[in-house]
Amino acid sequence: MTKITFSVNGESRTIETDPLRRLLDVLREDLGLTGVKEGCAEGECGACSVIKDGLLVNSCMVPIGTCEGARIVTPEGLRETDRGRTIIDAYADSGAVQCGFCTPGMMMATEALLEKNSQPSEAEAREALSGNLCRCTGYDMIVEGVLKAAERGKGLW
Amino acid sequence: MVEAYRPSSLEEALKIRADKGALPFAGGTDLMVKYRYESGAVPEYPAPVIFLTHLEEIRKIYSQDGELHLGAGTSLAELMSHSEVPELLKEAVRTIAAPGLRNTATLAGNICNASPAADGVCALYALDSRVKLSSPRSSRELAIYEFITGPGKTELREDELLTEIIIPRDRSTTRLFRKVGTRKANALSKLSIAAAARLSGERVDEVRIALGAVAPTVLRSVELEKQIQGLSRAELSERLEHFVQSYEAMVQPIDDQRSTAVYRKKVAVNLLRQFLTSIAA
Amino acid sequence: MKAQISTPIRRVDAKDKTSGAARYLADMSFEGMLYAKAVRSERPRAKILRIEVPRLPEGYTYVDASDIPAGGKNKIEMIKDDWPVFADKEVRFVGETLALIVGPDRGMLNRLCREVKVEYQDLEPALTIDEAESLKGGAIHGTDNLYADYNLRKGDPEEAFKKADRIIEDEISTGYQEHIYMEPQGVVARPEADGKLGVYFSGQCPFYVRHAVAGAMGVDEEMVRVQQAVTGGAFGGKEHYPDVISTSLAVAARKVGRPVGYFFDRVEDISYTPKRHPSRTTFRTAVDERGNVLAMDIDVKLNAGAYESCSMVVLQRAIFSVNSVYDIQNVKIRGRAFATNNVPSDAYRGFGAPQGLFAMEVHMSHLARTLGLSDLKYKSRHLIKKGGLTVTNGRIHEEVKLPEMIERIDEMSDYRRKVKEFKKGSWRGVGFSMFNHGSGFTGNGEQEIIRGVVKMRKRSDGLVDLLVSNVEMGQGLQTTFRKIAAMVLDLPVDQVVYNDPNTDLVPDSGPTCASRSIAIVGYLVQEAAKKLKARWGEEGEVLVEHRYAHPPRLHWDQEKLDGDAYPSYGWGINVIEVEVDPLTYEVETKGIWAIHDVGVAIDEKVVEGQVDGGIIQALGYGSLEKLEVKDGRFQQRTMADYTIPTSMDFPRIKSALVDNPYEYGPFGAKGAGELVFDGAAAAFADAVQMAIDRDISRIPVTPEYIMEVYEND
């Protein structure tokens with residue numbers, strides 16, 4: 001057991017746990033942040049995407065022991081920001097949501113993209129979402145949602 | 001339950017590695033998959049684990065004596081955005097997984113995982129790369145093809161860590177990286193080719209060709225390359241099929257869940273021919 | 001003119017889902033819940049001789065067939081009940097459940113399951129259609145390995161074959177497909193305070209689960225309460241399989257007296273849950289001197305796996321679809337579903353139709369190629385029209401708008417010009433497919449089996465409760481059902497309350513499958529709303545209900561499979577343009593166009609979402625999603641190896657809708673969810689055929705397969 005201190009959605013957290021547990025499990029089970037989903041547990045589907053120290057990561061691939069001092073943002077944190085609200089609205093207006101299981105992860109990937117590139121092309125948006133699998137939408141409306149968020153959110157990123 | 005160490009210096013990491021026989025854990029994207037067995041359970045690592053990527057000593061990218069040194073802790077994303085990383089390697093790395101995973105995964109981890117299908121590793125073969133292996137007492141360098149000895153097998157000693165990847169300056173004038181993946185993105189390789197050549201006038205001064213996922217390790221034949229080097233482009237053109245056939249004889253792929261041996265061989269040869277044709281007259 | 005109802009509104013569930021606020025099953029908390037893990041067969045076919053259970057640590061419980069309560073049955077009551085809750089005498093496929101171990105730690109459960117030693121007497125498995133047909137290892141099912149064997153006849157095929165100028169033979173096959181709903185399977189069973197057994201699940205059919213659990217536990221159906229949780233995709237994969245999980249879990253929950261949850265790991269989900277039926281269809285086609293089809297003799301075979309489940313009905317849809325949109329005057333069809341020692345094949349979006357439609361469409365393109373005729377002209381000559389006779393000797397009752405749709409999609413895609421411009425074998429190709437899909441249960445199933453009921457209640461606070469058992473699983477029902485009710489009642493959408501169904505609270509309006517939710521149940525919603533509107537002035541609470549009645553013009557004989565197989569059809573055309581790399585045989589899709597007749601769209605955005613998702617899923621089926629079996633095990637067991645499309649695999653889809661209101665659909669709507677899956681694989685295959693100037697006869701059309709047909713020509 002190791003004591004680990006890190007920040008989640010701007011709040012400092014200290015937990016004592018097995019450092020080899022997945023960040024995904026700590027977020028869901030210990031902190032109740034169930035917006036982070038488990039879809040494949042091997043870094044393929046992106047449903048568990050969170051932002052760690054400003055970078056998009058698959059939380060199923062991250063042992064909590066590597067998170068000492070890290071800043072983690074989950075969908076629960078992002079949705080409380082103007083950026084998050086802009087993405088959520090843009091997705092809703094674009095028809096980007098169907099079963100919704102991939103969508104919080106898609107929102108995190110969108111945030112990570114716009115943080116680096118506030119006016120992406122369609123090709124750049126598709127590349128940015130390529131680690132987030134969706135089985136319902138065929139992606140077009142999600143891509144539209146990303147571009148709409150970029151358009152509406154000028155100045156936010 | 002195994003121990004996990006988070007050393008505060010490379011020195012400490014090397015000591016833990018030597019004393020505990022701990023498993024080096026870089027980005028973890030191979031290990032987390034390899035040792036996972038059940039959703040919601042802690043992976044079953046066979047040995048204690050040492051986390052490494054936070055160590056400043058191995059997070060640097062720098063040039064020295066005309067060679068590029070990539071710290072073992074640098075992520076794929078970091079090296080993709082670094083101006084001095086050779087284009088051939090960047091192209092290869094761009095085809096690995098997806099943005100989220102590239103933020104976590106490291107090339108050093110890929111090397112130690114020693115999969116013949118690792119795209120970045122294929123490019124490292126074609127770039128004449130070396131690896132620096134450090135132990136508490138000493139360090140040594142090996143060419144990448146000496147370091148990787150078989151699928152999942154390397155020359156890494158029980159007290160060593162791979163601390164740097166060293167890439168000589170790439171002076172090639174013609175390059176090809178092509179990955180044939182299971183899909184267009186976020187894909188594993190069915191096969192790949194990384195090749196580079198330096199032409200001066202009508203002469204082929206240098207050629208380096210690596211083929212991924214068609215043999216137990218990435219395939220590179222320095223011997224065949226020597227036969228090509230020094231030829232005029234016209235001579236290469238004349239003898240092109242001879243070289244293609246020589247490579248074909250060495251390509252020994254397997255059938256697996258991703259592709260077939262027949263396909264891998266045929267396509268690897270097609271891409272090789274395309275590259276040789278592009279540098280021949 | 002566009003109907004008012006078609007104007008898109010924001011999906012009611014969009015914000016909660018995107019923000020992570022929506023609670024899927026694994027996000028819910030159940031006080032004191034234990035986890036379950038299955039001890040699974042490692043053999044495709046064997047007798048169980050002995051099972052040695054390790055000493056379990058405190059807090060862990062072993063649950064098997066001997067724990068089924070008195071009065072209960074070791075059978076899962078689905079359409080058939082041949083699938084046992086726990087295998088206790090024999091195993092028929094790798095992954096079959098022998099027992100569950102229940103306890104608090106998932107890692108420990110996995111280790112304990114691995115420690116269970118099973119002594120088997122191996123039997124020779126039959127894995128392929130051919131092995132099943134030749135009764136390899138003896139019959140698995142009955143005496144002939146056939147779950148179903150049907151014969152259809154239309155016209156006088158024998159006589160027509162005598163007049164043939166030429167007879168052309170063909171064989172088309174399709175592979176397995178895994179659903180890859182993003183949320184893996186999950187069920188929680190909980191003994192409730194009121195003595196009932198609660199089942200919480202991710203899935204499509206709450207009353208199926210209730211029926212299966214009641215049967216296994218030997219209790220009245222009312223003693224089982226099933227609550228659907230927000231469901232992260234299903235596509236047919238959660239139509240029957242939740243019954244399989246729920247029954248064993250119910251036994252476990254009763255035994256330990258605590259809630260027990262089973263959340264599938266993805267590898268487990270891919271390895272052991274049902275798939276789309278692989279198929280092989282052979283054609284003998286008689287043509288006259290102009291190449292026109294005189295008659296067809298068609299043989300459809302499905303690999304149905306180790307238990308029957310719903311294979312009989314899947315086979316029906318496959319053979320009813322195997323003439324697609326064409327009116328072939330004389331046809332003989334035989335269809336068989338074979339028992340094999342694979343994971344049972346089951347429902348998957350399209351339910352047999354994609355296999356039948358793919359076979360016919362590709363066969364028609366082969367005929368055109370063989371005869372040297374234009375693909376589109378040739379197909380157009382044979383199109384069915386209103387009043388035309390189907391293969392079950394039923395009538396097409398609606399106007400067939402395909403000719404108009406052909407012109408529209410040609411304008412959109414420039415298909416005809418591209419056919420001329422891209423020469424055969426130029427590594428560029430453009431493919432064309434037409435298809436239709438019957439909405440609702442086959443034959444008179446809606447009348448005889450389902451008899452769906454919808455209730456609607458005006459509450460004293462003015463809100464309206466919509467009481468149905470159909471579920472939101474991503475397809476937009478939460479939005480479209482509310483829209484239908486709200487528009488009839490002239491209320492804002494948010495005044496209609498439609499919760500995820502709970503079997504104690506809603507009537508059985510049938511399962512969420514078969515493109516029936518809008519076309520059949522949506523109509524009941526509309527009619528119930530009309531009744532409620534008529535009584536709107538009444539004081540206090542008002543409850544109305546509306547029950548399904550078969551449209552009077554339809555007739556069906558289930559014994560003979562004769563008559564109107566479906567109440568209505570959706571229609572569609574896809575065009576796909578590709579470029580094939582001559583060095584790697586990889587295919588780059590350059591354009592995707594689609595046009596559909598779904599009657600009237602209840603919400604254009606929702607339908608467009610179905611179109612986009614259906615086409616990309618079908619392109620996965622047609623090109624990427626290879627699932628091979630070796631020794632009874634799937635070789636692709638992870639999401640890395642079983643590759644569904646990413647955002648970068650296909651370009652943006654351009655699609656359109658034509659209005660063609662259906663009399664018995666809500667606001668004229670017909671089903672859409674499966675139709676949109678039905679055509680893309682054939683259009684893709686057709687495009688590749690043109691690019692390489694070789695016949696393509698199976699899917700997935702992988703680069704490996706393209707190389708094979710190209711090189712071996």
# chains A, B, ... in the order shown; residues from 1 in each chain; ligands from 1
call {"tool": "residues_around", "arguments": {"residues": "Gly10 in chain A", "least_positions_apart": "4", "cutoff": "10 Å", "atoms": "only C-alpha atoms", "output": "ChimeraX atom specification"}}
result
/A:6,71-73,77
call {"tool": "write_last_selection", "arguments": {"atoms": "all heavy atoms", "output": "PDB file, in the first residue's frame"}}
result
ATOM      1  N   PHE A   6      -2.725  13.327  -5.357  1.00  0.00           N
ATOM      2  CA  PHE A   6      -2.864  13.869  -6.706  1.00  0.00           C
ATOM      3  C   PHE A   6      -4.110  14.732  -6.748  1.00  0.00           C
ATOM      4  O   PHE A   6      -4.906  14.725  -5.801  1.00  0.00           O
ATOM      5  CB  PHE A   6      -2.904  12.756  -7.748  1.00  0.00           C
ATOM      6  CG  PHE A   6      -4.042  11.776  -7.615  1.00  0.00           C
ATOM      7  CD1 PHE A   6      -4.948  11.609  -8.652  1.00  0.00           C
ATOM      8  CD2 PHE A   6      -4.201  10.998  -6.474  1.00  0.00           C
ATOM      9  CE1 PHE A   6      -5.993  10.703  -8.551  1.00  0.00           C
ATOM     10  CE2 PHE A   6      -5.246  10.094  -6.358  1.00  0.00           C
ATOM     11  CZ  PHE A   6      -6.152   9.941  -7.401  1.00  0.00           C
ATOM     12  N   ARG A  71      -2.153  15.952 -12.136  1.00  0.00           N
ATOM     13  CA  ARG A  71      -3.429  16.660 -12.207  1.00  0.00           C
ATOM     14  C   ARG A  71      -4.326  15.899 -13.177  1.00  0.00           C
ATOM     15  O   ARG A  71      -4.022  15.794 -14.360  1.00  0.00           O
ATOM     16  CB  ARG A  71      -3.232  18.089 -12.709  1.00  0.00           C
ATOM     17  CG  ARG A  71      -2.640  19.059 -11.676  1.00  0.00           C
ATOM     18  CD  ARG A  71      -2.212  20.369 -12.328  1.00  0.00           C
ATOM     19  NE  ARG A  71      -1.119  20.138 -13.284  1.00  0.00           N
ATOM     20  CZ  ARG A  71      -1.214  20.390 -14.592  1.00  0.00           C
ATOM     21  NH1 ARG A  71      -2.317  20.887 -15.114  1.00  0.00           N
ATOM     22  NH2 ARG A  71      -0.182  20.135 -15.396  1.00  0.00           N
ATOM     23  N   ILE A  72      -5.413  15.374 -12.660  1.00  0.00           N
ATOM     24  CA  ILE A  72      -6.321  14.572 -13.477  1.00  0.00           C
ATOM     25  C   ILE A  72      -7.628  15.341 -13.693  1.00  0.00           C
ATOM     26  O   ILE A  72      -8.177  15.911 -12.744  1.00  0.00           O
ATOM     27  CB  ILE A  72      -6.673  13.231 -12.767  1.00  0.00           C
ATOM     28  CG1 ILE A  72      -5.414  12.492 -12.304  1.00  0.00           C
ATOM     29  CG2 ILE A  72      -7.580  12.361 -13.640  1.00  0.00           C
ATOM     30  CD1 ILE A  72      -4.588  11.900 -13.401  1.00  0.00           C
ATOM     31  N   VAL A  73      -8.096  15.341 -14.914  1.00  0.00           N
ATOM     32  CA  VAL A  73      -9.427  15.901 -15.192  1.00  0.00           C
ATOM     33  C   VAL A  73     -10.287  14.792 -15.785  1.00  0.00           C
ATOM     34  O   VAL A  73      -9.877  14.111 -16.729  1.00  0.00           O
ATOM     35  CB  VAL A  73      -9.356  17.095 -16.171  1.00  0.00           C
ATOM     36  CG1 VAL A  73     -10.762  17.648 -16.445  1.00  0.00           C
ATOM     37  CG2 VAL A  73      -8.452  18.190 -15.621  1.00  0.00           C
ATOM     38  N   GLY A  77     -15.235  16.788 -14.120  1.00  0.00           N
ATOM     39  CA  GLY A  77     -14.594  18.095 -13.969  1.00  0.00           C
ATOM     40  C   GLY A  77     -14.808  18.962 -15.196  1.00  0.00           C
ATOM     41  O   GLY A  77     -15.189  20.129 -15.100  1.00  0.00           O
TER      42      GLY A  77
END
call {"tool": "residues_around", "arguments": {"residues": "range 108-121 of chain A", "least_positions_apart": "6", "cutoff": "6 Å", "atoms": "only C-alpha atoms", "output": "list in words"}}
result
Leu56, Ala150 and Trp157 of chain A
call {"tool": "residues_around", "arguments": {"residues": "range 97-106 of chain B", "least_positions_apart": "3", "cutoff": "9 Å", "atoms": "only C-alpha atoms", "output": "PyMOL selection string"}}
result
(chain A and resi 43-44+46+49-50+55-58+61-62+109+127-132) or (chain B and resi 26-30+53+72-78+93-94+109-111+185-188)
call {"tool": "write_last_selection", "arguments": {"atoms": "N, CA and C atoms", "output": "compact mmCIF listing (two decimals), in the first residue's frame"}}
result
# COMPACT_ATOMS: atom_id res chain seq x y z
N GLY A 43 -6.58 -0.18 -23.61
CA GLY A 43 -6.10 0.99 -24.32
C GLY A 43 -6.56 1.11 -25.75
N GLU A 44 -7.57 0.35 -26.13
CA GLU A 44 -8.02 0.37 -27.52
C GLU A 44 -9.20 1.31 -27.76
N GLY A 46 -10.80 3.88 -25.69
CA GLY A 46 -10.85 5.29 -25.29
C GLY A 46 -12.02 5.68 -24.40
N SER A 49 -11.00 7.54 -21.25
CA SER A 49 -10.09 8.68 -21.43
C SER A 49 -10.25 9.73 -20.33
N VAL A 50 -9.11 10.17 -19.82
CA VAL A 50 -9.09 11.32 -18.92
C VAL A 50 -7.91 12.19 -19.34
N LEU A 55 -2.58 16.08 -20.75
CA LEU A 55 -2.54 15.17 -21.90
C LEU A 55 -3.63 14.11 -21.81
N LEU A 56 -4.19 13.78 -22.98
CA LEU A 56 -5.18 12.72 -23.03
C LEU A 56 -4.50 11.38 -22.75
N VAL A 57 -5.07 10.60 -21.82
CA VAL A 57 -4.55 9.25 -21.57
C VAL A 57 -5.72 8.29 -21.38
N ASN A 58 -5.42 7.00 -21.59
CA ASN A 58 -6.40 5.96 -21.31
C ASN A 58 -6.20 5.57 -19.85
N MET A 61 -4.78 2.25 -18.66
CA MET A 61 -3.37 1.95 -18.93
C MET A 61 -2.45 2.60 -17.91
N VAL A 62 -3.02 3.27 -16.93
CA VAL A 62 -2.20 4.06 -16.01
C VAL A 62 -2.29 3.48 -14.60
N ALA A 109 -11.34 13.64 -25.43
CA ALA A 109 -10.45 13.70 -26.59
C ALA A 109 -10.64 15.02 -27.33
N GLU A 127 -8.40 12.43 -36.74
CA GLU A 127 -7.17 11.88 -36.17
C GLU A 127 -7.22 11.94 -34.63
N ALA A 128 -7.71 13.06 -34.12
CA ALA A 128 -7.75 13.22 -32.66
C ALA A 128 -8.71 12.24 -31.99
N LEU A 129 -9.72 11.80 -32.72
CA LEU A 129 -10.71 10.87 -32.15
C LEU A 129 -10.38 9.41 -32.46
N SER A 130 -9.25 9.17 -33.12
CA SER A 130 -9.02 7.83 -33.66
C SER A 130 -8.77 6.78 -32.57
N GLY A 131 -8.50 7.22 -31.36
CA GLY A 131 -8.34 6.25 -30.27
C GLY A 131 -9.60 6.09 -29.44
N ASN A 132 -10.69 6.68 -29.91
CA ASN A 132 -11.96 6.58 -29.19
C ASN A 132 -12.96 5.90 -30.11
N ALA B 26 7.88 1.43 -18.15
CA ALA B 26 7.97 2.77 -18.75
C ALA B 26 6.55 3.29 -18.94
N GLY B 27 6.08 3.39 -20.17
CA GLY B 27 4.70 3.84 -20.38
C GLY B 27 3.70 2.82 -19.88
N GLY B 28 4.08 1.57 -19.93
CA GLY B 28 3.22 0.51 -19.41
C GLY B 28 2.17 0.00 -20.37
N THR B 29 2.15 0.55 -21.58
CA THR B 29 1.05 0.20 -22.47
C THR B 29 1.16 -1.23 -23.01
N ASP B 30 2.34 -1.78 -23.04
CA ASP B 30 2.48 -3.21 -23.36
C ASP B 30 2.25 -4.06 -22.11
N THR B 53 9.18 6.54 -15.97
CA THR B 53 9.09 7.68 -16.90
C THR B 53 9.12 9.05 -16.22
N ALA B 72 14.97 7.31 -22.44
CA ALA B 72 14.04 6.19 -22.48
C ALA B 72 12.65 6.56 -21.95
N GLY B 73 12.59 7.64 -21.19
CA GLY B 73 11.30 8.01 -20.60
C GLY B 73 10.45 8.91 -21.48
N THR B 74 10.97 9.30 -22.64
CA THR B 74 10.18 10.21 -23.47
C THR B 74 9.05 9.45 -24.16
N SER B 75 7.90 10.06 -24.18
CA SER B 75 6.74 9.40 -24.77
C SER B 75 6.80 9.51 -26.30
N LEU B 76 6.00 8.69 -26.93
CA LEU B 76 5.93 8.75 -28.40
C LEU B 76 5.48 10.13 -28.85
N ALA B 77 4.53 10.70 -28.12
CA ALA B 77 4.03 12.02 -28.51
C ALA B 77 5.14 13.06 -28.42
N GLU B 78 5.96 12.97 -27.38
CA GLU B 78 7.05 13.94 -27.22
C GLU B 78 8.05 13.85 -28.36
N VAL B 93 6.17 6.49 -35.96
CA VAL B 93 5.52 6.68 -34.66
C VAL B 93 4.09 7.20 -34.84
N ARG B 94 3.90 8.03 -35.85
CA ARG B 94 2.57 8.57 -36.13
C ARG B 94 1.56 7.46 -36.42
N GLY B 109 10.12 1.32 -24.23
CA GLY B 109 9.28 0.20 -23.81
C GLY B 109 8.97 -0.72 -24.98
N ASN B 110 8.67 -0.13 -26.12
CA ASN B 110 8.44 -0.93 -27.32
C ASN B 110 9.65 -1.80 -27.66
N ILE B 111 10.84 -1.22 -27.52
CA ILE B 111 12.06 -1.98 -27.84
C ILE B 111 12.19 -3.17 -26.89
N ALA B 185 -6.30 3.40 -38.70
CA ALA B 185 -5.76 4.10 -37.54
C ALA B 185 -5.93 3.20 -36.33
N ASN B 186 -5.21 3.51 -35.26
CA ASN B 186 -5.35 2.73 -34.03
C ASN B 186 -5.21 1.24 -34.36
N ALA B 187 -4.17 0.96 -35.14
CA ALA B 187 -4.05 -0.39 -35.71
C ALA B 187 -2.75 -1.06 -35.32
N LEU B 188 -2.78 -2.37 -35.33
CA LEU B 188 -1.55 -3.14 -35.19
C LEU B 188 -1.06 -3.48 -36.60
call {"tool": "closest_atom_pairs", "arguments": {"of": "chain C", "to": "chain A", "cutoff": "6 Å", "atoms": "only C-alpha atoms", "output": "CSV"}}
result
residue,atom,partner,partner_atom,distance
C:Ala14,CA,A:Ala92,CA,5.3
C:Lys17,CA,A:Gly100,CA,5.0
C:Thr18,CA,A:Pro104,CA,4.8
C:Ser19,CA,A:Arg79,CA,5.7
C:Gly20,CA,A:Gly35,CA,3.7
C:Asp27,CA,A:Thr34,CA,5.6
C:Met182,CA,A:Gly39,CA,5.8
C:Glu183,CA,A:Gly39,CA,5.8
C:Gly232,CA,A:Cys99,CA,4.8
C:Gly233,CA,A:Cys99,CA,5.2
C:Arg266,CA,A:Cys40,CA,5.2
C:Met473,CA,A:Cys99,CA,5.6
C:Gly474,CA,A:Cys99,CA,3.4
C:Gly609,CA,A:Thr137,CA,5.7
C:Asp612,CA,A:Gly138,CA,5.1
C:Gly613,CA,A:Gly138,CA,4.1
C:Ile616,CA,A:Gly138,CA,5.2
C:Thr646,CA,A:Ser130,CA,5.7
C:Ser647,CA,A:Ser130,CA,5.3
C:Met648,CA,A:Arg126,CA,5.8
C:Arg652,CA,A:Asp140,CA,6.0
call {"tool": "interface_residues", "arguments": {"of": "chain B", "to": "chain C", "cutoff": "9 Å", "atoms": "only C-alpha atoms", "output": "PyMOL selection string"}}
result
chain B and resi 37-43+180+182-188+256-260+262-264+266-268+270-271+274
call {"tool": "write_last_selection", "arguments": {"atoms": "C-alpha atoms", "output": "PDB file, in the first residue's frame"}}
result
ATOM      1  CA  TYR B  37      -6.412 -10.865 -16.746  1.00  0.00           C
ATOM      2  CA  GLU B  38      -9.678  -9.542 -15.408  1.00  0.00           C
ATOM      3  CA  SER B  39     -11.515  -6.278 -15.513  1.00  0.00           C
ATOM      4  CA  GLY B  40     -11.302  -4.533 -12.175  1.00  0.00           C
ATOM      5  CA  ALA B  41      -8.356  -6.606 -10.942  1.00  0.00           C
ATOM      6  CA  VAL B  42      -4.749  -5.517 -10.476  1.00  0.00           C
ATOM      7  CA  PRO B  43      -2.580  -6.992 -13.262  1.00  0.00           C
ATOM      8  CA  VAL B 180       0.098  -2.132 -43.515  1.00  0.00           C
ATOM      9  CA  THR B 182      -5.307  -3.984 -39.456  1.00  0.00           C
ATOM     10  CA  ARG B 183      -7.200  -0.747 -40.197  1.00  0.00           C
ATOM     11  CA  LYS B 184      -6.440   2.852 -41.057  1.00  0.00           C
ATOM     12  CA  ALA B 185      -5.761   4.101 -37.536  1.00  0.00           C
ATOM     13  CA  ASN B 186      -5.349   2.735 -34.027  1.00  0.00           C
ATOM     14  CA  ALA B 187      -4.054  -0.388 -35.713  1.00  0.00           C
ATOM     15  CA  LEU B 188      -1.551  -3.140 -35.195  1.00  0.00           C
ATOM     16  CA  ASP B 256      -1.789 -15.244 -37.091  1.00  0.00           C
ATOM     17  CA  GLN B 257      -4.987 -13.528 -36.036  1.00  0.00           C
ATOM     18  CA  ARG B 258      -4.044 -10.388 -37.933  1.00  0.00           C
ATOM     19  CA  SER B 259      -2.970 -11.646 -41.334  1.00  0.00           C
ATOM     20  CA  THR B 260      -1.569 -14.530 -43.321  1.00  0.00           C
ATOM     21  CA  VAL B 262       1.199 -15.492 -47.863  1.00  0.00           C
ATOM     22  CA  TYR B 263      -0.128 -11.960 -47.752  1.00  0.00           C
ATOM     23  CA  ARG B 264       2.674 -10.646 -45.606  1.00  0.00           C
ATOM     24  CA  LYS B 266       3.703 -10.872 -51.083  1.00  0.00           C
ATOM     25  CA  VAL B 267       3.054  -7.357 -49.835  1.00  0.00           C
ATOM     26  CA  ALA B 268       6.422  -6.988 -48.113  1.00  0.00           C
ATOM     27  CA  ASN B 270       5.831  -5.509 -53.335  1.00  0.00           C
ATOM     28  CA  LEU B 271       6.757  -2.628 -51.046  1.00  0.00           C
ATOM     29  CA  GLN B 274       8.624  -0.244 -54.929  1.00  0.00           C
TER      30      GLN B 274
END
call {"tool": "residues_around", "arguments": {"residues": "Glu56 in chain B", "least_positions_apart": "5", "cutoff": "12 Å", "atoms": "only C-alpha atoms", "output": "list in words"}}
result
Pro7, Ser8, Ser9, Leu10, Glu11, Ala13, Ile61, Gly71, Ala72, Gly73, Thr74 and Thr163 of chain B
call {"tool": "write_last_selection", "arguments": {"atoms": "C-alpha atoms", "output": "PDB file, in the first residue's frame"}}
result
ATOM      1  CA  PRO B   7      12.525   5.802  -7.394  1.00  0.00           C
ATOM      2  CA  SER B   8      13.560   9.413  -7.153  1.00  0.00           C
ATOM      3  CA  SER B   9      16.674   9.123  -9.285  1.00  0.00           C
ATOM      4  CA  LEU B  10      18.083   6.958 -12.027  1.00  0.00           C
ATOM      5  CA  GLU B  11      20.729   5.791  -9.635  1.00  0.00           C
ATOM      6  CA  ALA B  13      16.189   2.947 -10.104  1.00  0.00           C
ATOM      7  CA  ILE B  61      16.179  14.511 -25.964  1.00  0.00           C
ATOM      8  CA  GLY B  71      15.842   9.429 -23.182  1.00  0.00           C
ATOM      9  CA  ALA B  72      14.035   6.189 -22.481  1.00  0.00           C
ATOM     10  CA  GLY B  73      11.302   8.014 -20.602  1.00  0.00           C
ATOM     11  CA  THR B  74      10.180  10.213 -23.470  1.00  0.00           C
ATOM     12  CA  THR B 163      18.244   4.400 -20.638  1.00  0.00           C
TER      13      THR B 163
END
call {"tool": "atom_distance", "arguments": {"atom1": "CA of Ala368 in chain C", "atom2": "CA of Asp695 in chain C"}}
result
11.0 Å
call {"tool": "closest_residue", "arguments": {"among": "C:Ile180, C:Ala65, C:Leu197, C:Ala229", "to": "Tyr24 in chain C", "atoms": "only C-alpha atoms"}}
result
C:Ala229
call {"tool": "atom_distance", "arguments": {"atom1": "CA of Arg140 in chain B", "atom2": "CA of Pro48 in chain B"}}
result
24.4 Å
call {"tool": "residues_around", "arguments": {"residues": "range 166-179 of chain B", "least_positions_apart": "6", "cutoff": "8 Å", "atoms": "only C-alpha atoms", "output": "ChimeraX atom specification"}}
result
/B:66-70,86,88,91-92,95,119,123-124,127-132,189-199,206,275,279
call {"tool": "closest_residue", "arguments": {"among": "C:Asp67, C:Glu239, C:Glu421, C:Glu52", "to": "Ser309 in chain C", "atoms": "only C-alpha atoms"}}
result
C:Glu239
call {"tool": "closest_residue", "arguments": {"among": "A:Thr81, A:Thr86, A:Thr17, A:Thr66", "to": "chain B", "atoms": "only C-alpha atoms"}}
result
A:Thr66
call {"tool": "residues_around", "arguments": {"residues": "Val658 in chain C", "least_positions_apart": "3", "cutoff": "8 Å", "atoms": "only C-alpha atoms", "output": "ChimeraX atom specification"}}
result
/C:405,595-600
call {"tool": "write_last_selection", "arguments": {"atoms": "C-alpha atoms", "output": "mmCIF file, in the first residue's frame"}}
result
data_model
loop_
_atom_site.group_PDB
_atom_site.id
_atom_site.type_symbol
_atom_site.label_atom_id
_atom_site.label_comp_id
_atom_site.auth_asym_id
_atom_site.auth_seq_id
_atom_site.Cartn_x
_atom_site.Cartn_y
_atom_site.Cartn_z
ATOM 1 C CA MET C 405 -34.340 6.749 -55.556
ATOM 2 C CA ILE C 595 -30.815 7.020 -49.839
ATOM 3 C CA HIS C 596 -33.560 5.420 -47.787
ATOM 4 C CA ASP C 597 -37.316 5.172 -47.665
ATOM 5 C CA VAL C 598 -38.293 4.750 -44.024
ATOM 6 C CA GLY C 599 -41.826 5.982 -44.603
ATOM 7 C CA VAL C 600 -41.571 9.213 -42.677
#
call {"tool": "select_by_dssp", "arguments": {"residues": "range 55-153 of chain A", "states": "strand (DSSP E or B)", "output": "PyMOL selection string"}}
result
chain A and resi 55-58+63+71-73
call {"tool": "closest_residue", "arguments": {"among": "A:Cys67, A:Ile4, A:Leu147, A:Leu20", "to": "chain B", "atoms": "only C-alpha atoms"}}
result
A:Leu20
call {"tool": "select_by_dssp", "arguments": {"residues": "range 320-360 of chain C", "states": "helix (DSSP H, G or I)", "output": "VMD selection string"}}
result
chain C and resid 320 353 to 360
call {"tool": "residues_around", "arguments": {"residues": "Val213 in chain C", "least_positions_apart": "5", "cutoff": "7 Å", "atoms": "only C-alpha atoms", "output": "ChimeraX atom specification"}}
result
/C:246-247,250
